[in-house]
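Asker: Sharing my_file-v4.cif, mmCIF, C-alpha atoms:
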data_input
#
loop_
_atom_site.label_atom_id
_atom_site.label_comp_id
_atom_site.auth_asym_id
_atom_site.auth_seq_id
_atom_site.Cartn_x
_atom_site.Cartn_y
_atom_site.Cartn_z
CA MET A 12 31.88 -2.76 71.40
CA ILE A 13 29.98 -0.49 68.98
CA ASP A 14 31.98 1.44 66.40
CA ARG A 15 31.56 5.17 67.08
CA ARG A 16 31.48 6.14 63.40
CA PHE A 17 28.78 3.58 62.72
CA LEU A 18 26.73 4.84 65.65
CA LEU A 19 27.03 8.48 64.53
CA LYS A 20 26.04 7.60 60.96
CA PHE A 21 23.11 5.57 62.22
CA LEU A 22 21.87 8.32 64.54
CA SER A 23 22.22 11.07 61.93
CA PHE A 24 20.51 8.93 59.26
CA SER A 25 17.58 8.06 61.52
CA PHE A 26 17.20 11.73 62.55
CA LEU A 27 17.24 12.90 58.91
CA ALA A 28 14.82 10.19 57.85
CA ARG A 29 12.40 11.13 60.64
CA ALA A 30 12.69 14.86 59.85
CA ASN A 31 12.00 14.19 56.16
CA VAL A 32 8.89 12.13 56.94
CA GLU A 33 7.43 14.84 59.18
CA LYS A 34 8.13 17.76 56.86
CA ASP A 35 5.16 19.44 55.17
CA ILE A 36 4.78 19.13 51.40
CA ASP A 37 4.81 22.45 49.55
CA VAL A 38 2.90 22.60 46.28
CA PHE A 39 3.31 26.08 44.76
CA GLY A 40 2.99 27.65 48.20
CA CYS A 41 0.11 25.42 49.30
CA LYS A 42 1.09 23.34 52.31
CA LEU A 43 0.00 19.77 52.77
CA LYS A 44 0.66 18.52 56.29
CA ARG A 45 1.83 14.94 56.50
CA ASP A 46 0.11 14.39 59.85
CA ARG A 47 -3.32 14.70 58.19
CA LEU A 48 -5.50 12.72 55.86
CA TYR A 49 -7.27 14.46 53.01
CA ARG A 50 -10.55 14.39 51.18
CA ILE A 51 -10.10 16.01 47.79
CA ASN A 52 -12.80 16.23 45.14
CA GLU A 53 -11.89 19.00 42.74
CA ASP A 54 -15.14 18.72 40.74
CA ARG A 55 -17.15 19.51 43.88
CA MET A 56 -14.53 21.93 45.30
CA ILE A 57 -14.00 19.75 48.37
CA PHE A 58 -10.57 20.28 49.93
CA GLN A 59 -10.61 19.03 53.52
CA TRP A 60 -8.07 17.83 56.05
CA ILE A 61 -8.77 15.24 58.74
CA LYS A 62 -6.49 14.66 61.73
CA LYS A 63 -6.61 11.86 64.27
CA GLU A 64 -6.84 13.51 67.69
CA GLY A 65 -7.08 10.49 69.94
CA GLU A 66 -8.82 7.20 70.30
CA ASN A 67 -11.41 7.30 67.50
CA ILE A 68 -11.71 11.13 67.41
CA TYR A 69 -10.89 13.13 64.27
CA SER A 70 -10.79 16.88 63.71
CA VAL A 71 -11.87 18.31 60.35
CA GLY A 72 -10.89 21.55 58.66
CA PHE A 73 -10.21 23.58 55.52
CA THR A 74 -7.08 23.09 53.44
CA PRO A 75 -5.24 26.25 52.32
CA ILE A 76 -6.72 25.74 48.83
CA LEU A 77 -10.27 25.81 50.19
CA SER A 78 -9.37 28.91 52.19
CA ALA A 79 -8.32 30.60 48.95
CA LEU A 80 -11.49 29.48 47.18
CA VAL A 81 -13.86 30.81 49.84
CA TYR A 82 -12.12 34.16 50.36
CA PRO A 83 -13.63 36.53 51.42
CA LEU A 84 -15.27 34.46 54.16
CA TYR A 85 -18.13 36.11 56.04
CA SER A 86 -19.62 33.47 58.30
CA VAL A 87 -19.66 29.81 59.28
CA LYS A 88 -22.55 28.05 61.02
CA ILE A 89 -21.50 24.67 62.44
CA LYS A 90 -23.83 21.81 63.36
CA PRO A 91 -24.26 21.35 67.14
CA VAL A 92 -22.36 18.86 69.30
CA GLY A 93 -24.23 15.56 69.44
CA THR A 94 -25.41 15.75 65.82
CA VAL A 95 -24.95 12.50 63.93
CA VAL A 96 -23.87 13.12 60.34
CA GLU A 97 -23.56 10.73 57.45
CA TYR A 98 -20.61 10.69 55.10
CA ASP A 99 -21.10 13.71 52.81
CA GLY A 100 -23.81 15.09 55.10
CA ASN A 101 -23.82 18.76 56.04
CA LEU A 102 -21.34 19.75 58.80
CA ALA A 103 -21.52 23.50 58.35
CA VAL A 104 -22.89 26.30 56.21
CA VAL A 105 -20.30 28.68 54.81
CA GLU A 106 -21.10 32.19 53.57
CA ALA A 107 -18.34 33.46 51.33
CA GLY A 108 -18.35 36.14 48.68
CA LYS A 109 -21.75 36.09 47.01
CA ARG A 110 -22.53 32.46 47.76
CA VAL A 111 -23.69 30.27 50.59
CA SER A 112 -22.62 26.63 50.48
CA THR A 113 -22.45 23.58 52.67
CA PHE A 114 -19.33 21.96 54.07
CA PRO A 115 -19.84 18.20 53.68
CA SER A 116 -18.63 15.70 56.24
CA PRO A 117 -15.64 13.55 55.25
CA LEU A 118 -16.67 11.05 57.94
CA GLY A 119 -19.90 9.49 59.06
CA GLY A 120 -20.33 9.78 62.82
CA LYS A 121 -21.17 11.92 65.80
CA ILE A 122 -19.95 15.49 66.34
CA VAL A 123 -18.29 15.45 69.77
CA ASP A 124 -16.89 18.99 69.71
CA LYS A 125 -17.18 22.11 67.59
CA ASN A 126 -15.02 25.20 67.27
CA SER A 127 -17.62 27.79 68.30
CA LYS A 128 -15.03 30.58 68.06
CA LEU A 129 -15.21 30.28 64.26
CA GLU A 130 -18.89 31.21 64.30
CA LYS A 131 -17.96 34.55 65.91
CA ASP A 132 -14.82 35.07 63.82
CA PRO A 133 -14.19 32.77 60.83
CA SER A 134 -10.94 34.53 59.84
CA PRO A 135 -8.65 31.77 61.26
CA LEU A 136 -10.00 29.50 58.49
CA ILE A 137 -8.20 31.84 56.07
CA SER A 138 -5.19 32.97 58.12
CA ASP A 139 -4.35 29.64 59.82
CA PRO A 140 -6.37 26.84 58.20
CA TYR A 141 -4.46 23.92 59.73
CA ASN A 142 -5.10 25.13 63.28
CA ALA A 143 -8.71 26.20 62.70
CA TRP A 144 -10.58 22.92 62.98
CA LEU A 145 -14.36 23.07 62.53
CA VAL A 146 -15.52 19.94 64.33
CA LYS A 147 -14.28 16.82 66.01
CA ILE A 148 -16.06 13.66 64.98
CA GLU A 149 -16.26 10.19 66.45
CA PRO A 150 -16.70 8.10 63.31
CA GLU A 151 -19.29 5.34 63.24
CA ASP A 152 -18.73 4.69 59.54
CA THR A 153 -15.31 3.06 59.13
CA GLU A 154 -15.77 2.92 55.36
CA SER A 155 -15.44 6.72 55.14
CA LEU A 156 -12.01 6.50 56.82
CA LYS A 157 -10.85 4.20 54.02
CA ARG A 158 -11.70 6.87 51.42
CA LEU A 159 -9.25 9.40 52.88
CA LYS A 160 -5.79 9.85 51.39
CA ARG A 161 -2.35 10.71 52.70
CA ALA A 162 -0.68 13.98 51.65
CA GLU A 163 1.64 12.16 49.22
CA GLU A 164 -1.36 10.69 47.43
CA VAL A 165 -3.02 14.04 46.68
CA VAL A 166 0.02 16.07 45.58
CA ASP A 167 -0.51 15.58 41.82
CA THR A 168 -4.23 16.42 42.03
CA ILE A 169 -3.47 19.54 44.07
CA ARG A 170 -0.68 20.60 41.69
CA GLN A 171 -2.92 20.23 38.62
CA PHE A 172 -5.79 22.09 40.29
CA ILE A 173 -3.56 25.01 41.33
CA ILE A 174 -2.22 25.35 37.79
CA ARG A 175 -5.61 25.01 36.10
CA GLU A 176 -7.48 27.36 38.44
CA GLN A 177 -4.51 29.70 39.11
CA ILE A 178 -4.95 29.41 42.88
CA GLU A 179 -2.78 31.33 45.33
CA CYS A 180 -3.06 29.58 48.66
CA PHE A 181 -3.70 31.13 52.04
CA PRO A 182 -2.12 32.14 54.24
CA ARG A 183 -0.20 34.31 51.82
CA LYS A 184 3.44 35.01 52.54
#
Could you render the structure from this file as structure tokens?
Answerer:
Amino acid sequence: MIDRRFLLKFLSFSFLARANVEKDIDVFGCKLKRDRLYRINEDRMIFQWIKKEGENIYSVGFTPILSALVYPLYSVKIKPVGTVVEYDGNLAVVEAGKRVSTFPSPLGGKIVDKNSKLEKDPSPLISDPYNAWLVKIEPEDTESLKRLKRAEEVVDTIRQFIIREQIECFPRK
């Protein structure tokens, strides 16, 4: 027979452990979701999230830091579905403030879906960056997947960048 106290301790411990693993990481108000991988290159101002959506399909989007860096955001032009992009190839063109820049691909592969709504209204990239994915990619280049990092691995880089650049992340509270 199983001891009731042991069972209650075990169940509460496993629930707390699971809740802790799934909780977002907050870095000075900038959220890092644990269910994503990240491509961070502060020298090139690349702050991207990548989320596995299914069998060999990954969505790609802006982190809250990138949203803060590109504010005000005027337009986004996304490559069409079916386009094959190389790692670091152009996924989209972003017009923000007084500059136009490219959004490089964190994965090499084929674009299988794009968020066309963002081309009409890019504001969700600022107001809700973790739900505003740009494209979904089927990677052909498995090496690019190995370059991505978990949220825990980028915390120190993000923290130092926020302090150095005095970033206030979006969405603002």
Asker: Find the nearest atom pair between each residue of stretch 52-137 of chain A and stretch 163-173 of chain A for residues within 10 Å, count only C-alpha atoms, give distances in Å to one decimal, sort rows by chain and ascending number, and present the table as JSON lines.
Answerer:
{"residue": "A:Asn52", "atom": "CA", "partner": "A:Thr168", "partner_atom": "CA", "distance": 9.1}
{"residue": "A:Glu53", "atom": "CA", "partner": "A:Phe172", "partner_atom": "CA", "distance": 7.3}
{"residue": "A:Asp54", "atom": "CA", "partner": "A:Phe172", "partner_atom": "CA", "distance": 9.9}
{"residue": "A:Phe58", "atom": "CA", "partner": "A:Ile169", "partner_atom": "CA", "distance": 9.2}
{"residue": "A:Ile76", "atom": "CA", "partner": "A:Ile173", "partner_atom": "CA", "distance": 8.2}
Asker: Report as a PyMOL selection string the full result of the PyMOL selection byres ((chain A and resi 141-148) around 7) when it is applied to this structure.
Answerer: chain A and resi 68-72+74+120-126+135-136+139-140+149-150
Asker: Run the PyMOL selection byres ((chain A and resi 55) around 12) mentally over the shown coordinates, then write out the matched residues as a PDB file with C-alpha atoms, keeping the file's coordinate frame, using the chain letters and numbers from the document.
Answerer:
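Output (selection_22.pdb):
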ATOM      1  CA  ARG A  50     -10.550  14.390  51.180  1.00  0.00           C
ATOM      2  CA  ILE A  51     -10.100  16.010  47.790  1.00  0.00           C
ATOM      3  CA  ASN A  52     -12.800  16.230  45.140  1.00  0.00           C
ATOM      4  CA  GLU A  53     -11.890  19.000  42.740  1.00  0.00           C
ATOM      5  CA  ASP A  54     -15.140  18.720  40.740  1.00  0.00           C
ATOM      6  CA  MET A  56     -14.530  21.930  45.300  1.00  0.00           C
ATOM      7  CA  ILE A  57     -14.000  19.750  48.370  1.00  0.00           C
ATOM      8  CA  PHE A  58     -10.570  20.280  49.930  1.00  0.00           C
ATOM      9  CA  GLN A  59     -10.610  19.030  53.520  1.00  0.00           C
ATOM     10  CA  LEU A  77     -10.270  25.810  50.190  1.00  0.00           C
ATOM     11  CA  LEU A  80     -11.490  29.480  47.180  1.00  0.00           C
ATOM     12  CA  ASP A  99     -21.100  13.710  52.810  1.00  0.00           C
ATOM     13  CA  SER A 112     -22.620  26.630  50.480  1.00  0.00           C
ATOM     14  CA  THR A 113     -22.450  23.580  52.670  1.00  0.00           C
ATOM     15  CA  PHE A 114     -19.330  21.960  54.070  1.00  0.00           C
ATOM     16  CA  PRO A 115     -19.840  18.200  53.680  1.00  0.00           C
TER      17      PRO A 115
END
Asker: One decimal, in Å: what's the spacing between atom CA of A:Ser116 and atom CA of A:Ile178?
Answerer: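 We find that atom CA of A:Ser116 and atom CA of A:Ile178 lie 23.5 Å from each other.
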Asker: Apply the PyMOL selection byres ((chain A and resi 88) around 7) to the displayed file and report the matching residues as a PyMOL selection string.
Answerer: chain A and resi 86-87+89-90+103-105+130
Asker: Export, as a short mmCIF file (atom, residue, chain, number, x, y, z; two decimals), keeping the file's coordinate frame, the selected residues with C-alpha atoms.
Answerer:
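Contents of the output file part07.cif:
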data_model
loop_
_atom_site.label_atom_id
_atom_site.label_comp_id
_atom_site.auth_asym_id
_atom_site.auth_seq_id
_atom_site.Cartn_x
_atom_site.Cartn_y
_atom_site.Cartn_z
CA SER A 86 -19.62 33.47 58.30
CA VAL A 87 -19.66 29.81 59.28
CA ILE A 89 -21.50 24.67 62.44
CA LYS A 90 -23.83 21.81 63.36
CA ALA A 103 -21.52 23.50 58.35
CA VAL A 104 -22.89 26.30 56.21
CA VAL A 105 -20.30 28.68 54.81
CA GLU A 130 -18.89 31.21 64.30
#
Asker: Mind pulling up the distance from atom CA of A:Ser155 to atom CA of A:Leu102?
Answerer: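 These two atoms are separated by 14.8 Å.
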Asker: Between A:Ile61, A:Ile137, A:Leu118, A:Leu43, which is the closest to A:Tyr85 once you count all atoms listed in the file?
Answerer: A:Ile137
Asker: Between A:Lys128, A:Ala162, A:Pro133, A:Glu176, which has the minimum distance to A:Val38 (counting all atoms listed in the file)?
Answerer: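 Nearest to A:Val38: A:Ala162.
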Asker: Under the rule that all atoms listed in the file are counted, which of A:Arg47, A:Arg158, A:Lys62, A:Arg110 is the nearest residue to A:Asp35?
Answerer: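 Selected residue with least distance to A:Asp35: A:Arg47.
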Asker: Using Å and a single decimal, report how far atom CA of A:Leu84 sits from atom CA of A:Gly108.
Answerer: 6.5 Å
Asker: For each of A:Cys180, A:Glu151, A:Ser134, A:Val95, take the minimum atom-to-atom distance to A:Gly40, counting all atoms listed in the file, then give the residue where this is smallest.
Answerer: A:Cys180
Asker: Check the smallest atom-to-atom distance from each of A:Leu159, A:Ile36, A:Lys63, A:Pro75 to A:Ser138 using only C-alpha atoms, then report the winner.
Answerer: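 Between A:Leu159, A:Ile36, A:Lys63, A:Pro75, the residue approaching A:Ser138 most closely is A:Pro75.
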Asker: Calculated over all atoms listed in the file, which of the candidates A:Phe39, A:Glu97, A:Lys157, A:Lys34 has the smallest distance to A:Ile174?
Answerer: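 The closest residue to A:Ile174 is A:Phe39.
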